[in-house]
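What follows is the content of run-v8.cif (mmCIF, C-alpha atoms).
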data_run
loop_
_atom_site.label_atom_id
_atom_site.label_comp_id
_atom_site.auth_asym_id
_atom_site.auth_seq_id
_atom_site.Cartn_x
_atom_site.Cartn_y
_atom_site.Cartn_z
CA MET M 1 76.53 134.96 -5.40
CA ILE M 2 77.89 138.39 -4.58
CA THR M 3 75.20 140.94 -4.13
CA SER M 4 75.19 144.37 -2.64
CA ASN M 5 72.81 147.25 -2.28
CA ASN M 6 73.52 150.93 -1.97
CA LYS M 7 72.25 151.25 1.59
CA TYR M 8 74.10 153.26 4.23
CA ILE M 9 74.99 151.07 7.19
CA LYS M 10 74.93 153.23 10.32
CA GLN M 11 76.35 150.47 12.53
CA ILE M 12 79.70 150.97 10.79
CA ASP M 13 79.90 154.40 12.41
CA GLY M 14 79.45 152.70 15.78
CA LEU M 15 82.33 150.34 15.00
CA ARG M 16 84.46 153.32 13.94
CA GLY M 17 83.67 155.01 17.25
CA ILE M 18 84.68 151.91 19.21
CA SER M 19 87.89 151.71 17.16
CA ILE M 20 88.79 155.34 17.78
CA ILE M 21 88.11 155.13 21.50
CA SER M 22 90.11 151.90 21.89
CA VAL M 23 93.14 153.34 20.04
CA ILE M 24 93.04 156.62 22.02
CA LEU M 25 92.74 154.78 25.33
CA TYR M 26 95.61 152.48 24.32
CA HIS M 27 97.85 155.46 23.54
CA PHE M 28 97.08 157.29 26.79
CA PHE M 29 96.92 154.25 29.09
CA PRO M 30 98.90 151.41 27.44
CA ASP M 31 99.28 149.48 30.69
CA ILE M 32 95.54 149.48 31.35
CA PHE M 33 94.13 149.10 27.80
CA ILE M 34 96.65 146.52 26.61
CA GLY M 35 94.60 145.34 23.63
CA GLY M 36 93.40 148.76 22.52
CA PHE M 37 95.47 148.56 19.35
CA ILE M 38 92.83 146.16 18.03
CA GLY M 39 90.99 149.31 16.96
CA VAL M 40 93.39 149.60 14.02
CA ASP M 41 92.49 146.08 12.93
CA ILE M 42 88.80 146.98 13.16
CA PHE M 43 89.48 149.96 10.88
CA PHE M 44 91.15 147.65 8.36
CA VAL M 45 88.15 145.31 8.40
CA ILE M 46 85.72 148.23 8.00
CA SER M 47 87.75 149.58 5.10
CA GLY M 48 87.87 146.17 3.42
CA PHE M 49 84.12 145.78 3.79
CA VAL M 50 83.26 149.29 2.54
CA ILE M 51 85.67 149.14 -0.43
CA SER M 52 84.44 145.65 -1.37
CA LYS M 53 80.85 146.87 -1.20
CA ILE M 54 81.62 149.87 -3.46
CA LEU M 55 83.51 147.78 -6.01
CA ILE M 56 80.94 144.97 -6.10
CA GLU M 57 78.09 147.47 -6.57
CA GLU M 58 79.95 149.07 -9.46
CA PHE M 59 80.63 145.70 -11.07
CA ASN M 60 77.02 144.56 -10.64
CA SER M 61 75.67 147.71 -12.28
CA ASN M 62 78.32 148.25 -15.02
CA LYS M 63 79.80 144.75 -15.47
CA THR M 64 83.21 146.36 -14.93
CA ILE M 65 85.12 148.43 -12.40
CA SER M 66 86.82 151.68 -13.34
CA ILE M 67 90.16 151.23 -11.59
CA LYS M 68 91.20 154.72 -12.73
CA ASN M 69 88.14 156.38 -11.14
CA PHE M 70 88.65 154.36 -7.98
CA TYR M 71 92.26 155.56 -7.68
CA ILE M 72 91.30 159.17 -8.41
CA LYS M 73 88.67 159.11 -5.63
CA ARG M 74 91.17 157.64 -3.13
CA ILE M 75 93.81 160.22 -4.11
CA LYS M 76 91.39 163.12 -3.69
CA ARG M 77 90.27 161.81 -0.34
CA ILE M 78 93.65 160.93 1.19
CA PHE M 79 96.47 162.91 -0.44
CA PRO M 80 95.65 166.48 0.71
CA ALA M 81 95.65 165.61 4.41
CA PHE M 82 98.52 163.16 4.00
CA PHE M 83 100.87 165.66 2.36
CA LEU M 84 99.86 168.35 4.85
CA VAL M 85 100.94 166.01 7.67
CA ILE M 86 104.26 165.31 5.92
CA PHE M 87 104.85 169.03 5.29
CA VAL M 88 104.04 170.19 8.83
CA SER M 89 105.96 167.30 10.38
CA THR M 90 109.00 168.13 8.25
CA ILE M 91 109.03 171.76 9.42
CA PHE M 92 108.65 170.86 13.11
CA SER M 93 111.12 167.99 12.89
CA TYR M 94 113.78 170.22 11.39
CA PHE M 95 113.66 172.49 14.45
CA ILE M 96 112.99 169.90 17.15
CA LEU M 97 114.71 166.61 16.34
CA LEU M 98 118.35 165.81 16.99
CA PRO M 99 120.44 164.98 13.88
CA ASN M 100 120.25 161.18 14.20
CA TYR M 101 116.46 161.33 14.64
CA LEU M 102 116.23 163.77 11.74
CA VAL M 103 117.98 161.25 9.48
CA ASP M 104 115.51 158.58 10.55
CA PHE M 105 112.66 161.03 9.99
CA SER M 106 113.89 161.66 6.43
CA LYS M 107 113.96 157.94 5.70
CA SER M 108 110.52 157.40 7.20
CA SER M 109 109.19 160.39 5.20
CA LEU M 110 110.43 158.86 1.99
CA ALA M 111 108.96 155.48 2.92
CA SER M 112 105.66 157.16 3.82
CA ILE M 113 105.47 159.05 0.52
CA PHE M 114 105.80 155.74 -1.31
CA PHE M 115 103.31 154.11 1.09
CA SER M 116 105.83 151.57 2.31
CA SER M 117 106.49 152.85 5.82
CA ASN M 118 105.03 149.67 7.29
CA PHE M 119 107.92 147.78 5.68
CA TYR M 120 110.44 150.44 6.67
CA PHE M 121 109.45 150.34 10.34
CA PHE M 122 109.22 146.55 10.33
CA PHE M 123 112.62 145.93 8.74
CA THR M 124 114.36 148.61 10.81
CA ASN M 125 112.94 146.92 13.91
CA GLN M 126 111.22 150.02 15.26
CA SER M 127 108.62 149.28 17.88
CA TYR M 128 105.49 151.35 18.16
CA ALA M 129 105.52 151.06 21.94
CA ALA M 130 109.21 151.90 22.49
CA ILE M 131 110.24 155.16 24.17
CA SER M 132 112.19 156.11 21.03
CA SER M 133 108.91 156.07 19.08
CA ASN M 134 108.20 159.47 20.62
CA PHE M 135 110.89 160.84 18.29
CA LYS M 136 109.33 159.31 15.16
CA PRO M 137 106.58 161.71 14.11
CA LEU M 138 105.50 159.61 11.13
CA LEU M 139 105.41 156.23 12.84
CA HIS M 140 101.61 156.25 12.82
CA LEU M 141 101.63 156.33 8.99
CA TRP M 142 102.43 152.60 8.87
CA SER M 143 98.69 151.92 8.95
CA LEU M 144 98.05 154.31 6.06
CA SER M 145 100.69 152.45 4.06
CA VAL M 146 98.86 149.19 4.65
CA GLU M 147 95.60 150.83 3.64
CA GLU M 148 97.09 152.30 0.46
CA GLN M 149 98.64 148.96 -0.52
CA PHE M 150 95.19 147.46 -0.16
CA TYR M 151 93.71 150.23 -2.34
CA VAL M 152 96.30 149.60 -5.05
CA PHE M 153 95.94 145.83 -5.32
CA PHE M 154 92.45 144.87 -4.15
CA PRO M 155 90.41 146.55 -6.93
CA ILE M 156 92.53 144.77 -9.54
CA PHE M 157 92.09 141.48 -7.71
CA ILE M 158 88.33 141.87 -7.32
CA LEU M 159 87.86 142.93 -10.97
CA PHE M 160 89.89 139.95 -12.17
CA PHE M 161 88.00 137.59 -9.87
CA LEU M 162 84.53 138.84 -10.78
CA ARG M 163 85.27 138.67 -14.51
CA PHE M 164 86.81 135.22 -14.64
CA PHE M 165 85.34 133.21 -11.78
CA LYS M 166 81.90 132.45 -10.51
CA ASN M 167 80.73 134.72 -7.73
CA ASN M 168 80.03 131.71 -5.52
CA TYR M 169 83.74 131.21 -4.84
CA PHE M 170 84.46 134.78 -3.75
CA LEU M 171 84.08 134.22 -0.02
CA THR M 172 86.08 130.99 -0.16
CA VAL M 173 88.94 132.69 -1.98
CA ILE M 174 88.96 135.69 0.41
CA ILE M 175 89.01 133.43 3.48
CA SER M 176 91.74 131.23 1.97
CA LEU M 177 93.88 134.26 1.08
CA SER M 178 93.36 135.72 4.54
CA ILE M 179 94.57 132.51 6.19
CA LEU M 180 97.53 132.28 3.82
CA LEU M 181 98.58 135.89 4.48
CA TYR M 182 98.14 135.39 8.23
CA VAL M 183 100.46 132.37 8.15
CA PHE M 184 102.93 134.31 5.99
CA SER M 185 102.95 137.20 8.49
CA HIS M 186 103.84 134.78 11.29
CA PHE M 187 106.59 133.31 9.13
CA LEU M 188 108.02 136.81 8.60
CA GLU M 189 107.79 137.59 12.29
CA ASP M 190 109.65 134.37 13.19
CA LEU M 191 112.25 135.11 10.53
CA TYR M 192 113.05 138.63 11.73
CA PHE M 193 112.41 138.50 15.48
#
Starting from the coordinates I provided, produce the structure as structure tokens.
Amino acid sequence: MITSNNKYIKQIDGLRGISIISVILYHFFPDIFIGGFIGVDIFFVISGFVISKILIEEFNSNKTISIKNFYIKRIKRIFPAFFLVIFVSTIFSYFILLPNYLVDFSKSSLASIFFSSNFYFFFTNQSYAAISSNFKPLLHLWSLSVEEQFYVFFPIFILFFLRFFKNNYFLTVIISLSILLYVFSHFLEDLYF
């Protein structure tokens, strides 16, 4: 059975700290901290856990989840900083980037605004570690796109699941879906690389 309590878990802040440090070290010393990018994966896991906890608590107390309120909270939390980054990056890019990089920046901006930059960078074969990535100011937004896609679909999934299935199967379904998506990601990678 899915249960949750409204307790703050301070260890999550420790995991966030480890994630931040590993990503920073990876960016400054990629040859030394080869696996530092795992910090992004840790962030995804933390986000999945925290969002699941919030949604399950709401369902347990109200027997429903307000998808609208969930989306409004995410928008208020993410959009101001996100659009500030897009705006400032656009101004600097206009004056700094060469025309061909400016065209790519425009495309990546559009993909970022629609939270699909992870697909854009994947299908245009742009590597995060390549030298040319220095001329892609919004490349880091791929992870926000993944996060936003999760925010759009997961609350609907969890509401549907909790309403129509027994809570006992929740963990089994999540693990099965995770394995399926992992296999699918390898299939995509083999298909395009």
Item to complete: Report the distance between CA of Leu181 (chain M) and CA of Phe122 (chain M) in Å, rounded to one decimal place.
Response: 16.2 Å
Discussion item. With only C-alpha atoms as the counted atoms, please give the residues lying no more than 12 Å from Phe82 (chain M), apart from itself and same-chain residues fewer than 4 positions off, as a ChimeraX atom specification.
Written reply: /M:74-78,86-89,109,112-115,138,140-141,144-145,148
Using the chain letters and numbers from the file, give me the residues hit by the PyMOL selection byres ((chain M and resi 26) around 12), as a PDB file with C-alpha atoms, in the frame of the given file.
ATOM      1  CA  SER M  19      87.890 151.710  17.160  1.00  0.00           C
ATOM      2  CA  ILE M  20      88.790 155.340  17.780  1.00  0.00           C
ATOM      3  CA  ILE M  21      88.110 155.130  21.500  1.00  0.00           C
ATOM      4  CA  SER M  22      90.110 151.900  21.890  1.00  0.00           C
ATOM      5  CA  VAL M  23      93.140 153.340  20.040  1.00  0.00           C
ATOM      6  CA  ILE M  24      93.040 156.620  22.020  1.00  0.00           C
ATOM      7  CA  LEU M  25      92.740 154.780  25.330  1.00  0.00           C
ATOM      8  CA  HIS M  27      97.850 155.460  23.540  1.00  0.00           C
ATOM      9  CA  PHE M  28      97.080 157.290  26.790  1.00  0.00           C
ATOM     10  CA  PHE M  29      96.920 154.250  29.090  1.00  0.00           C
ATOM     11  CA  PRO M  30      98.900 151.410  27.440  1.00  0.00           C
ATOM     12  CA  ASP M  31      99.280 149.480  30.690  1.00  0.00           C
ATOM     13  CA  ILE M  32      95.540 149.480  31.350  1.00  0.00           C
ATOM     14  CA  PHE M  33      94.130 149.100  27.800  1.00  0.00           C
ATOM     15  CA  ILE M  34      96.650 146.520  26.610  1.00  0.00           C
ATOM     16  CA  GLY M  35      94.600 145.340  23.630  1.00  0.00           C
ATOM     17  CA  GLY M  36      93.400 148.760  22.520  1.00  0.00           C
ATOM     18  CA  PHE M  37      95.470 148.560  19.350  1.00  0.00           C
ATOM     19  CA  ILE M  38      92.830 146.160  18.030  1.00  0.00           C
ATOM     20  CA  GLY M  39      90.990 149.310  16.960  1.00  0.00           C
ATOM     21  CA  VAL M  40      93.390 149.600  14.020  1.00  0.00           C
ATOM     22  CA  TYR M 128     105.490 151.350  18.160  1.00  0.00           C
ATOM     23  CA  ALA M 129     105.520 151.060  21.940  1.00  0.00           C
TER      24      ALA M 129
END
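Interatomic distance, CA of Phe153 (chain M) to CA of Ile51 (chain M): 11.8 Å.
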Fill in: Between CA of Lys53 (chain M) and CA of Ile175 (chain M), distance in Å (one decimal)
16.4 Å
